[in-house]
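What follows is a set of notes on a single structure, which appears directly below.
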Amino acid sequence: MNDQPAKVVPSAVDLKALYRDTEIGETLDRLDRELVGLKPVKTRIREIAALLLVERARRMMGVSADSPPLHMSFTGNPGTGKTTVARRMAEILHKLGYIRSDHVVSVTRDDLVGQYIGHTAPKTKEVLKKAMGGVLFIDEAYYLYRPENERDYGQEAIELLLQFMEDHRDDLVVILAGYKDRMDIFFKSNPGMASRIAHHIDFPDFTADELFAISELMAKELHYRFAPGAGQTMREYIERRMQQPRFSNARSIRNALDRARLRQANRLFESGGSVTLEDLETITTADILASRVFTQ
Amino acid sequence: MMTNHGNRITQGQFSFLPDLTDAQITAQINYALKNKWAVSVEYTDDPHPRNTYWEMYGNPMFDLRDPAGILVEINNCRKTFPSHYIRVTAFDSTKGWETPRMSYIVNRPKVEPGFRLDRIEAEGRTQRYSIHSYATEKPEGERY
């Protein structure tokens, strides 16, 4: 991407045309459409997209040679859409020509850190090679660093990662993700990593209304809909579920929906006889009410 | 082989051409990846034409999507074996093919002593031929 032959420097770059040609508008719109809420995240993504677009225009004019820092950190509770946003981010970066392909390699500590001496380096390198040209998404990145065990191999993986980020600037974009507080500690104890991350994006928790909108969206995607009254029950379910431990935002909603589908299937099967398309598509109040959340 | 100028070994693709540049290698790897072939790096210091199986440098890279990762491996291999023959092979796992679809040399020793043709008398007046690599007169690892 960067070693294009020297071109005639244009006197002006039409940002609108660039925006249109790269088709990032479409990706951004899709981000808006597919993800409920997450206002601050969307704003930040738009800001970053604008920065990258301008940077590309600057490069076309021959102003800056170095590529802008692209590594990012996504912090937030589970189920707040970090992985999905990472995928969209890869698309945006690809469309703007900062990475060669829009593939995202999603890994956790297990994929990077080995179990015995000399196992970590090949494992990490393997992953890094796979991610080259695209985005490396490290979920729960703070697990790489375990201060309580000084012989932990995680440190080795971090060093390799830093080395690679330095040597192959144009080949790899790293996105770290995890809980906010733990990421802060991670960055504090790994200043090398912190200084290379340019964009920090915090993902807020969803509100009950947003979660309900998400549940409707998810149901629609799966070709289900709520029977009259079932929507209200779902809303109640969400409010109760939010108070319970191990609530993980959109992921909990997805699981709840999956269990409701299970109960719906069971109900239809046990009632026997013939079913209409409407029966197959409808989730009733009873399907949701049978949840553990309501009985406890 | 014996009439080959400069004794350059001609095995695999592009071997009559000048050495490929990294950009050209990348373009070839891109082609292989586009066809979903698994690219691997192999080396040897015994380039006899019948020596089909070279040593593998690392594992075949089955799920790479970008040539940069493979170029890193090639360069690592060049660093480790600066004067060995190194080739890049693209394996097609499609049923019915299951064979390397591409193979080309990306690194060769500075001096290639070449081969000698041996004539062997066999039973009767039968003449058999054999190709002998001058380089293999020295033990493995000291050949080039």
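Labels for the structure tokens follow display order: chains A, B, ..., residues from 1 in each chain, ligands from 1.
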- For chain B against chain A, which residues fall within 10 Å using only C-alpha atoms, given as a list in words?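 Here they are: Gly58, Asn59, Met61, Phe62, Asp63, Leu64, Arg65, Asp66, Pro67, Ala68, Gly69, Ile70, Leu71, Val72 and Glu73 of chain B.
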Next, dump the selected residues to file, keeping only C-alpha atoms, as an mmCIF file, in the first residue's frame.
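The new file result_29.cif reads:
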```
data_model
loop_
_atom_site.group_PDB
_atom_site.id
_atom_site.type_symbol
_atom_site.label_atom_id
_atom_site.label_comp_id
_atom_site.auth_asym_id
_atom_site.auth_seq_id
_atom_site.Cartn_x
_atom_site.Cartn_y
_atom_site.Cartn_z
ATOM 1 C CA GLY B 58 8.390 -24.410 10.343
ATOM 2 C CA ASN B 59 4.912 -25.688 9.692
ATOM 3 C CA MET B 61 0.992 -21.973 6.934
ATOM 4 C CA PHE B 62 -2.524 -23.231 6.434
ATOM 5 C CA ASP B 63 -4.610 -20.355 7.683
ATOM 6 C CA LEU B 64 -2.648 -17.284 6.728
ATOM 7 C CA ARG B 65 -4.563 -14.615 4.876
ATOM 8 C CA ASP B 66 -1.782 -12.195 4.068
ATOM 9 C CA PRO B 67 1.594 -12.668 2.327
ATOM 10 C CA ALA B 68 3.461 -10.525 4.864
ATOM 11 C CA GLY B 69 3.476 -13.356 7.398
ATOM 12 C CA ILE B 70 5.008 -15.752 4.896
ATOM 13 C CA LEU B 71 7.620 -13.222 3.839
ATOM 14 C CA VAL B 72 8.634 -12.959 7.491
ATOM 15 C CA GLU B 73 9.197 -16.733 7.530
#
```
- From a DSSP pass on the backbone, collect the residues of region 47-236 of chain A flagged as helix (DSSP H, G or I) and hand them back as a PyMOL selection string. chain A and resi 47-60+82-95+109-112+120-131+141-144+154-167+180-189+191-196+208-221+230-236
- Message: Applying 12 Å and only C-alpha atoms, which residues near Ser189 (chain A) remain after dropping the ones on its own chain fewer than 4 positions away? List them as JSON, numbers by chain.
- Response: {"A": [142, 144, 145, 146, 147, 155, 158, 182, 183, 184, 185, 193, 194, 195]}
Export C-alpha atoms of the chosen residues as a short mmCIF file (atom, residue, chain, number, x, y, z; two decimals), in the first residue's frame?
```
data_model
loop_
_atom_site.label_atom_id
_atom_site.label_comp_id
_atom_site.auth_asym_id
_atom_site.auth_seq_id
_atom_site.Cartn_x
_atom_site.Cartn_y
_atom_site.Cartn_z
CA TYR A 142 -4.74 -8.05 30.96
CA LEU A 144 -1.27 -11.66 29.53
CA TYR A 145 0.34 -9.94 32.47
CA ARG A 146 0.36 -11.80 35.77
CA PRO A 147 2.38 -9.85 38.28
CA GLN A 155 5.48 -11.23 29.76
CA ILE A 158 3.85 -9.04 25.52
CA ARG A 182 -8.22 -4.18 34.82
CA MET A 183 -7.06 -2.70 31.52
CA ASP A 184 -6.00 0.44 33.37
CA ILE A 185 -3.85 -1.64 35.70
CA MET A 193 2.12 -1.08 25.56
CA ALA A 194 0.29 1.99 26.81
CA SER A 195 2.46 4.34 24.77
#
```
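Taking CA of Ile214 (chain A) and CA of Val36 (chain A) as endpoints, the distance between them is 6.4 Å.
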- Selection: 10 Å around region 120-137 of chain B, only C-alpha atoms, excl. self and same-chain fewer than 2 positions, as a list of chain:residue names: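 Skipping anything fewer than 2 positions along the chain leaves B:Met1, B:Asp45, B:Asp46, B:Pro47, B:His48, B:Pro49, B:Arg50, B:Val111, B:Glu112, B:Pro113, B:Gly114, B:Phe115, B:Arg116, B:Leu117, B:Asp118, B:Pro139, B:Glu140, B:Gly141, B:Glu142, B:Arg143, B:Tyr144.
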- Message: Excluding Ile283 (chain A) and its own-chain neighbours fewer than 6 positions away, which residues fall within 8 Å of it when counting only C-alpha atoms? Please give them as a list of chain:residue names.
- Response: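 With the cut-off at 8 Å, the set is A:Tyr224, A:Arg225, A:Phe226, A:Ala227, A:Ala230, A:Ala260, A:Arg261, A:Gln264.
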- Item | Residue nearest Arg30 (chain A) - candidates A:Arg263, A:His94, A:Arg88, A:Lys82, atoms counted: only C-alpha atoms | A:Arg88
Surrounding residues of Asn107 (chain B) excluding itself and chain neighbours under 2 positions, 6 Å, only C-alpha atoms, as a PDB file with N, CA, C and O atoms, in the first residue's frame:
```
ATOM      1  N   TYR B  85      19.623 -23.666  -0.516  1.00  0.00           N
ATOM      2  CA  TYR B  85      18.508 -23.448  -1.429  1.00  0.00           C
ATOM      3  C   TYR B  85      17.238 -23.363  -0.597  1.00  0.00           C
ATOM      4  O   TYR B  85      16.999 -24.202   0.273  1.00  0.00           O
ATOM      5  N   ILE B  86      16.437 -22.332  -0.842  1.00  0.00           N
ATOM      6  CA  ILE B  86      15.165 -22.194  -0.141  1.00  0.00           C
ATOM      7  C   ILE B  86      14.072 -22.069  -1.192  1.00  0.00           C
ATOM      8  O   ILE B  86      14.219 -21.316  -2.161  1.00  0.00           O
ATOM      9  N   ILE B 105      12.155 -21.294  -6.257  1.00  0.00           N
ATOM     10  CA  ILE B 105      13.320 -21.051  -5.406  1.00  0.00           C
ATOM     11  C   ILE B 105      13.388 -19.555  -5.071  1.00  0.00           C
ATOM     12  O   ILE B 105      13.219 -18.704  -5.948  1.00  0.00           O
TER      13      ILE B 105
END
```
- Item | Backbone DSSP call of strand (DSSP E or B) for region 116-267 of chain A, listed as a ChimeraX atom specification | /A:135-139,173-178,199-203,225-226
Keeping only C-alpha atoms, write the selected residues to a file as a compact mmCIF listing (two decimals), in the first residue's frame.
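For reference, result03.txt as written:
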```
# COMPACT_ATOMS: atom_id res chain seq x y z
CA VAL A 135 -6.46 -6.78 12.80
CA LEU A 136 -5.35 -8.72 15.86
CA PHE A 137 -8.05 -8.59 18.52
CA ILE A 138 -6.82 -9.62 21.95
CA ASP A 139 -9.73 -10.21 24.30
CA VAL A 173 -3.24 -3.30 13.85
CA VAL A 174 -3.69 -4.50 17.40
CA ILE A 175 -6.91 -3.99 19.35
CA LEU A 176 -6.85 -4.85 23.04
CA ALA A 177 -10.11 -5.41 24.87
CA GLY A 178 -11.27 -6.04 28.39
CA HIS A 199 -7.12 5.29 20.73
CA HIS A 200 -8.91 4.33 23.90
CA ILE A 201 -12.60 3.70 23.52
CA ASP A 202 -14.84 3.01 26.49
CA PHE A 203 -17.98 0.97 25.93
CA ARG A 225 -41.40 -12.16 17.06
CA PHE A 226 -42.95 -11.57 20.44
```
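Our summary of the geometry notes that CA of Pro68 (chain A) is positioned 24.2 Å from CA of Val107 (chain A).
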- Counting only C-alpha atoms, what is within 12 Å of region 291-295 of chain A, bar same-chain residues fewer than 5 positions away, as an NGL selection string? :A and (233-234 or 236-245 or 247 or 252 or 255-264 or 285-286)
Please save N, CA and C atoms of the selected residues as a CSV table (one decimal), in the first residue's frame.
```csv
chain,number,residue,atom,x,y,z
A,233,THR,N,-43.3,-8.7,28.9
A,233,THR,CA,-42.6,-9.7,29.8
A,233,THR,C,-41.1,-9.7,29.6
A,234,MET,N,-40.7,-9.5,28.3
A,234,MET,CA,-39.3,-9.5,28.0
A,234,MET,C,-38.6,-8.3,28.7
A,236,GLU,N,-39.7,-6.9,31.4
A,236,GLU,CA,-39.6,-7.2,32.8
A,236,GLU,C,-38.4,-8.1,33.1
A,237,TYR,N,-38.3,-9.1,32.2
A,237,TYR,CA,-37.2,-10.1,32.3
A,237,TYR,C,-35.9,-9.3,32.4
A,238,ILE,N,-35.7,-8.4,31.4
A,238,ILE,CA,-34.4,-7.7,31.3
A,238,ILE,C,-34.1,-6.9,32.6
A,239,GLU,N,-35.2,-6.2,33.1
A,239,GLU,CA,-35.0,-5.5,34.3
A,239,GLU,C,-34.6,-6.4,35.5
A,240,ARG,N,-35.2,-7.5,35.6
A,240,ARG,CA,-34.8,-8.5,36.7
A,240,ARG,C,-33.4,-9.0,36.5
A,241,ARG,N,-33.2,-9.4,35.2
A,241,ARG,CA,-31.9,-10.0,34.9
A,241,ARG,C,-30.7,-9.0,35.2
A,242,MET,N,-30.9,-7.8,35.0
A,242,MET,CA,-29.9,-6.8,35.2
A,242,MET,C,-29.5,-6.7,36.6
A,243,GLN,N,-30.4,-7.0,37.5
A,243,GLN,CA,-30.1,-7.0,38.9
A,243,GLN,C,-29.3,-8.2,39.4
A,244,GLN,N,-29.3,-9.2,38.6
A,244,GLN,CA,-28.6,-10.5,39.0
A,244,GLN,C,-27.1,-10.5,38.7
A,245,PRO,N,-26.4,-11.4,39.4
A,245,PRO,CA,-25.0,-11.4,39.1
A,245,PRO,C,-24.7,-12.0,37.7
A,247,PHE,N,-24.4,-10.6,34.9
A,247,PHE,CA,-25.1,-10.1,33.8
A,247,PHE,C,-24.2,-9.6,32.8
A,252,SER,N,-26.2,-11.8,27.5
A,252,SER,CA,-27.3,-12.3,28.4
A,252,SER,C,-28.6,-12.4,27.6
A,255,ASN,N,-28.6,-15.2,25.2
A,255,ASN,CA,-28.8,-16.4,25.9
A,255,ASN,C,-30.3,-16.6,26.3
A,256,ALA,N,-30.9,-15.5,26.8
A,256,ALA,CA,-32.3,-15.6,27.2
A,256,ALA,C,-33.2,-15.9,26.0
A,257,LEU,N,-32.8,-15.3,24.9
A,257,LEU,CA,-33.6,-15.6,23.7
A,257,LEU,C,-33.5,-17.0,23.2
A,258,ASP,N,-32.3,-17.5,23.3
A,258,ASP,CA,-32.0,-18.9,23.0
A,258,ASP,C,-32.8,-19.9,23.8
A,259,ARG,N,-32.9,-19.6,25.1
A,259,ARG,CA,-33.6,-20.4,26.0
A,259,ARG,C,-35.1,-20.3,25.8
A,260,ALA,N,-35.6,-19.1,25.4
A,260,ALA,CA,-37.0,-18.9,25.1
A,260,ALA,C,-37.3,-19.8,23.8
A,261,ARG,N,-36.4,-19.8,22.9
A,261,ARG,CA,-36.6,-20.6,21.7
A,261,ARG,C,-36.8,-22.0,22.0
A,262,LEU,N,-35.9,-22.5,22.9
A,262,LEU,CA,-35.9,-23.9,23.4
A,262,LEU,C,-37.3,-24.2,24.0
A,263,ARG,N,-37.8,-23.3,24.8
A,263,ARG,CA,-39.1,-23.6,25.5
A,263,ARG,C,-40.2,-23.5,24.5
A,264,GLN,N,-40.1,-22.6,23.5
A,264,GLN,CA,-41.1,-22.5,22.5
A,264,GLN,C,-41.2,-23.8,21.7
A,285,THR,N,-45.6,-15.2,26.0
A,285,THR,CA,-45.3,-14.7,27.3
A,285,THR,C,-44.9,-15.9,28.2
A,286,ALA,N,-45.5,-17.1,28.0
A,286,ALA,CA,-45.2,-18.2,28.8
A,286,ALA,C,-43.8,-18.7,28.6
```
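Proximity of A:Leu35, A:Gln115, A:Phe212, A:Thr80 to Arg251 (chain A), computed with only C-alpha atoms, is greatest for A:Thr80.
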- So what do you get for CA of Ile48 (chain A) versus CA of Pro204 (chain A), distance-wise?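 Distance reported for this atom pair: 18.2 Å.
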- Task: Using only C-alpha atoms, find the one residue out of B:Ile25, B:His84, B:Thr89, B:Trp37 that sits nearest to Tyr53 (chain B).
- Result: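 For Tyr53 (chain B), the nearest of the given residues is B:Thr89.
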- B:Trp54, B:Pro60, B:Pro109, B:Tyr31 ranked by distance to Asp19 (chain B), top pick (using only C-alpha atoms):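 Closest candidate: B:Pro109.
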